[in-house]
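One structure is given here, and the rest of the page talks about it.
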Amino acid sequence: MGNSIKPHIQNAEKTGVCQLVKTGLNDFPRELFPLTQVLRTLDLSDNKISTLPGAIGNFCQLKHLTINNNRISFLPEEMGKLKKLETLSVNNNQILTLPSCISDLINLRSVYLSGNCLTDFPVVFCNLRHLELLDLSQNKISQVPETVKNLYVSELNVNQNQISLLSEAIADCPRLKVLRVEENCLPLSAVSGRILTDSQISLLAVDGNLFEMKEFHGLEGYEKYMEKYTATKKKMY
């Protein structure tokens, strides 16, 4: 294994980019540790890694970290040191909860946590003012709490969870334009008029919940929502 990744390590020394996808890794490669001051992009997807070492926090130049399709169940507290991190992608792992240190990642722009085991909405992403996209699809989240109003994302994806409660405080999200809540357990009453009329949301995807789409179309406030939807579509063309 050491020899097979050696060319990748040597290349990363020069470029700051290291792609170790499908390289049969069972552990975080120690060969990366000398690169803590130069590595900007790291992709360890499609391996069998179960833990990230605390030393991940030493990669102070890291902007993009991708560890999709591994066996990771938690992220270490030391990740809070990655102050330059902009993209974090941990799709299809076994993450149960997220450490509080995530709230220190002030430059995060995009986070992908699809296909994990989260049961609680991760409020650690609230108040991160540069965060634009948060993908929490295909988890086991049961409710979106009131604290969601402090989320600064423009797009939130919670498709394919177990959500039965959607706080109307989501209408207060300052930048939220796209909300995807398809294939959950929402009753029609969970879609409050405030979400339709008082929010910035111009794309609300709700297919596959506990109501028919024609019932959704009959909600008070739906027409105002459609005005925002249509106006946004016109801007795109």
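Letters for chains follow the order of the structure tokens (A, B, ...), residue numbers begin at 1 for each chain, and ligand numbers begin at 1 in the order shown.
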
*as a PyMOL selection string, please: all residues of segment 44-183 of chain A that backbone DSSP puts in strand (DSSP E or B).*
chain A and resi 64-66+87-89+110-112+133-135+143-144+155-157+165-166+178-180

*Rank A:Glu146, A:Lys83, A:Lys177, A:Pro187 by their smallest atom-to-atom distance to Ser202 of chain A, using only C-alpha atoms, and report the top residue only.*
A:Lys177

*For atom CA of Ala231 of chain A and atom CA of Asp172 of chain A, determine how far apart the two atoms are, in Å to one decimal place.*
20.2 Å

*If you run DSSP over the backbone, which residues in segment 2-214 of chain A end up helix (DSSP H, G or I)? Put them as an MDAnalysis selection string.*
chainID A and resid 2:15 30:35 54:58 77:81 100:104 123:125 146:150 168:172 188:190 193:197 213:214

*segment 107-113 of chain A environment, 8 Å, only C-alpha atoms, sequence neighbours closer than 2 positions dropped, as a count of residues only*: 22

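For the choices A:Glu220, A:Glu215, A:Asp207, A:Asp198, the atom-to-atom distance to Asn184 of chain A is smallest for A:Asp207 when using only C-alpha atoms.
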
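Residue nearest Thr66 of chain A within the list A:Val148, A:Ala171, A:Leu196, A:Leu20: A:Leu20 [criterion: smallest interatomic distance, only C-alpha atoms].
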
*Counting only C-alpha atoms, what is within 10 Å of Val17 of chain A, bar same-chain residues fewer than 3 positions away, as a ChimeraX atom specification?*
/A:8-9,11-14,20,38-43,62,64

Please save N, CA, C and O atoms of the selected residues as a compact mmCIF listing (two decimals), in the first residue's frame.
# COMPACT_ATOMS: atom_id res chain seq x y z
N HIS A 8 1.32 9.51 -5.48
CA HIS A 8 0.30 10.51 -5.13
C HIS A 8 0.85 11.49 -4.10
O HIS A 8 0.59 12.70 -4.18
N ILE A 9 1.60 10.96 -3.13
CA ILE A 9 2.18 11.81 -2.07
C ILE A 9 3.21 12.77 -2.68
O ILE A 9 3.22 13.96 -2.37
N ASN A 11 3.36 13.84 -5.72
CA ASN A 11 2.66 14.84 -6.52
C ASN A 11 2.03 15.91 -5.62
O ASN A 11 2.05 17.11 -5.94
N ALA A 12 1.47 15.47 -4.50
CA ALA A 12 0.81 16.40 -3.57
C ALA A 12 1.80 17.40 -2.96
O ALA A 12 1.44 18.53 -2.67
N GLU A 13 3.05 16.96 -2.80
CA GLU A 13 4.09 17.86 -2.27
C GLU A 13 4.25 19.09 -3.18
O GLU A 13 4.52 20.19 -2.71
N LYS A 14 4.06 18.86 -4.47
CA LYS A 14 4.24 19.95 -5.45
C LYS A 14 2.95 20.73 -5.68
O LYS A 14 2.98 21.95 -5.87
N LEU A 20 -6.65 10.16 -3.24
CA LEU A 20 -6.36 8.77 -2.88
C LEU A 20 -7.67 7.96 -2.90
O LEU A 20 -7.98 7.22 -1.97
N VAL A 38 1.19 22.11 3.40
CA VAL A 38 1.03 22.35 1.95
C VAL A 38 -0.29 21.83 1.38
O VAL A 38 -0.75 22.32 0.34
N LEU A 39 -0.92 20.87 2.05
CA LEU A 39 -2.10 20.22 1.47
C LEU A 39 -3.32 21.14 1.52
O LEU A 39 -3.71 21.61 2.59
N ARG A 40 -3.91 21.38 0.35
CA ARG A 40 -5.10 22.23 0.25
C ARG A 40 -6.36 21.42 -0.09
O ARG A 40 -7.45 21.78 0.30
N THR A 41 -6.16 20.32 -0.84
CA THR A 41 -7.29 19.48 -1.26
C THR A 41 -6.94 18.02 -1.00
O THR A 41 -5.89 17.54 -1.43
N LEU A 42 -7.85 17.31 -0.30
CA LEU A 42 -7.62 15.90 0.01
C LEU A 42 -8.90 15.12 -0.25
O LEU A 42 -9.96 15.47 0.25
N ASP A 43 -8.77 14.06 -1.04
CA ASP A 43 -9.90 13.18 -1.35
C ASP A 43 -9.52 11.74 -1.00
O ASP A 43 -8.64 11.15 -1.62
N LEU A 62 -5.79 23.28 4.60
CA LEU A 62 -6.80 22.46 3.92
C LEU A 62 -8.08 23.27 3.63
O LEU A 62 -8.68 23.85 4.53
N HIS A 64 -10.43 21.84 1.02
CA HIS A 64 -11.43 20.89 0.52
C HIS A 64 -11.10 19.49 1.04
O HIS A 64 -10.04 18.94 0.73

Can you check which parts of segment 1-110 of chain A lie within 8 Å of segment 124-127 of chain A? Per residue, the shortest pair of atoms and distance in Å to one decimal, counting only C-alpha atoms, sorted by chain and number, as a Markdown table.
| residue | atom | partner | partner_atom | distance |
| --- | --- | --- | --- | --- |
| A:Leu98 | CA | A:Val124 | CA | 7.7 |
| A:Pro99 | CA | A:Val124 | CA | 7.8 |
| A:Ser100 | CA | A:Val124 | CA | 6.0 |
| A:Cys101 | CA | A:Val124 | CA | 7.9 |
| A:Ile102 | CA | A:Val124 | CA | 6.1 |
| A:Ser103 | CA | A:Val124 | CA | 5.2 |

Residues as selected, N, CA and C atoms, written as a compact mmCIF listing (two decimals), in the first residue's frame, can you do that?
# COMPACT_ATOMS: atom_id res chain seq x y z
N LEU A 98 -22.31 15.10 15.30
CA LEU A 98 -21.21 15.95 14.88
C LEU A 98 -20.65 16.71 16.08
N PRO A 99 -19.34 16.89 16.12
CA PRO A 99 -18.74 17.59 17.27
C PRO A 99 -19.05 19.08 17.25
N SER A 100 -19.07 19.69 18.42
CA SER A 100 -19.37 21.13 18.52
C SER A 100 -18.34 21.98 17.80
N CYS A 101 -17.13 21.44 17.62
CA CYS A 101 -16.05 22.20 16.98
C CYS A 101 -16.38 22.60 15.55
N ILE A 102 -17.36 21.95 14.94
CA ILE A 102 -17.73 22.29 13.56
C ILE A 102 -18.11 23.77 13.46
N SER A 103 -18.67 24.30 14.55
CA SER A 103 -19.08 25.71 14.53
C SER A 103 -17.90 26.66 14.45

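Each of A:Ile141, A:Ala55, A:Leu65, A:Leu118 was compared to Ile95 of chain A using only C-alpha atoms, and A:Leu118 turns out to be the nearest.
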
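In this structure, atom CA of Thr51 of chain A sits 17.0 Å away from atom CA of Leu82 of chain A.
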
*Separation of atom CA of Pro29 of chain A from atom CA of Gly54 of chain A in Å*: 12.9 Å

_If we count only C-alpha atoms and set the cut-off at 12 Å, which residues sit around Val191 of chain A, ignoring sequence neighbours fewer than 3 positions away in its own chain? Please answer as a PyMOL selection string._
chain A and resi 163-171+179+181+185-188+194-197+204-206+209-211+215-222+225

What would the file look like if the residues just selected were written as a compact mmCIF listing (two decimals), in the first residue's frame with N, CA and C atoms?
# COMPACT_ATOMS: atom_id res chain seq x y z
N ILE A 163 -38.58 13.21 8.87
CA ILE A 163 -39.03 14.48 9.46
C ILE A 163 -40.55 14.55 9.51
N SER A 164 -41.06 14.77 10.74
CA SER A 164 -42.51 14.95 10.92
C SER A 164 -42.81 16.36 11.46
N LEU A 165 -41.78 17.07 11.88
CA LEU A 165 -41.95 18.42 12.43
C LEU A 165 -40.97 19.37 11.77
N LEU A 166 -41.51 20.43 11.18
CA LEU A 166 -40.71 21.45 10.51
C LEU A 166 -41.03 22.79 11.15
N SER A 167 -40.09 23.30 11.95
CA SER A 167 -40.36 24.55 12.65
C SER A 167 -40.64 25.68 11.67
N GLU A 168 -41.69 26.45 11.94
CA GLU A 168 -41.99 27.58 11.06
C GLU A 168 -40.91 28.66 11.16
N ALA A 169 -40.03 28.55 12.15
CA ALA A 169 -38.92 29.49 12.28
C ALA A 169 -37.99 29.41 11.07
N ILE A 170 -38.11 28.35 10.28
CA ILE A 170 -37.29 28.24 9.07
C ILE A 170 -37.60 29.40 8.11
N ALA A 171 -38.76 30.01 8.30
CA ALA A 171 -39.13 31.19 7.49
C ALA A 171 -38.21 32.37 7.78
N LEU A 179 -35.45 24.84 -0.38
CA LEU A 179 -35.66 23.90 0.73
C LEU A 179 -36.21 22.60 0.15
N VAL A 181 -37.50 18.94 1.09
CA VAL A 181 -37.97 18.07 2.18
C VAL A 181 -38.77 16.90 1.61
N CYS A 185 -41.93 12.50 6.54
CA CYS A 185 -43.18 12.11 7.20
C CYS A 185 -44.00 13.34 7.58
N LEU A 186 -43.91 14.39 6.77
CA LEU A 186 -44.58 15.65 7.09
C LEU A 186 -46.08 15.58 6.84
N PRO A 187 -46.89 15.97 7.85
CA PRO A 187 -48.31 16.20 7.58
C PRO A 187 -48.47 17.56 6.91
N LEU A 188 -49.61 17.78 6.28
CA LEU A 188 -49.85 19.05 5.60
C LEU A 188 -49.74 20.23 6.58
N ARG A 194 -46.50 30.82 7.12
CA ARG A 194 -45.31 31.67 7.23
C ARG A 194 -44.20 31.19 6.31
N ILE A 195 -44.05 29.87 6.22
CA ILE A 195 -43.00 29.31 5.35
C ILE A 195 -43.28 29.68 3.89
N LEU A 196 -44.55 29.69 3.52
CA LEU A 196 -44.91 30.00 2.14
C LEU A 196 -44.84 31.49 1.83
N THR A 197 -45.22 32.32 2.81
CA THR A 197 -45.38 33.76 2.51
C THR A 197 -44.28 34.66 3.06
N LEU A 204 -39.65 25.12 -2.92
CA LEU A 204 -39.98 24.26 -1.79
C LEU A 204 -40.41 22.91 -2.34
N ALA A 205 -39.54 21.91 -2.20
CA ALA A 205 -39.80 20.58 -2.76
C ALA A 205 -40.34 19.68 -1.66
N VAL A 206 -41.63 19.27 -1.78
CA VAL A 206 -42.29 18.53 -0.69
C VAL A 206 -42.93 17.22 -1.15
N ASN A 209 -44.56 13.18 0.91
CA ASN A 209 -44.87 13.29 2.32
C ASN A 209 -46.28 12.76 2.58
N LEU A 210 -46.87 13.10 3.73
CA LEU A 210 -48.15 12.50 4.11
C LEU A 210 -49.36 13.29 3.59
N PHE A 211 -49.21 13.88 2.42
CA PHE A 211 -50.32 14.62 1.81
C PHE A 211 -50.17 14.58 0.30
N GLU A 215 -53.35 18.99 -2.30
CA GLU A 215 -53.63 19.60 -1.00
C GLU A 215 -52.63 20.73 -0.71
N PHE A 216 -51.38 20.47 -1.06
CA PHE A 216 -50.33 21.50 -0.90
C PHE A 216 -50.67 22.73 -1.73
N HIS A 217 -51.13 22.50 -2.94
CA HIS A 217 -51.47 23.61 -3.84
C HIS A 217 -52.65 24.43 -3.32
N GLY A 218 -53.44 23.84 -2.42
CA GLY A 218 -54.60 24.54 -1.88
C GLY A 218 -54.32 25.31 -0.59
N LEU A 219 -53.09 25.24 -0.11
CA LEU A 219 -52.76 25.91 1.15
C LEU A 219 -52.83 27.43 1.02
N GLU A 220 -53.25 28.07 2.12
CA GLU A 220 -53.22 29.52 2.17
C GLU A 220 -51.76 29.98 2.09
N GLY A 221 -51.49 30.87 1.19
CA GLY A 221 -50.11 31.34 1.00
C GLY A 221 -49.42 30.71 -0.19
N TYR A 222 -50.04 29.66 -0.77
CA TYR A 222 -49.41 28.98 -1.90
C TYR A 222 -49.23 29.91 -3.09
N TYR A 225 -46.25 32.06 -2.62
CA TYR A 225 -45.05 31.24 -2.85
C TYR A 225 -44.80 31.08 -4.35
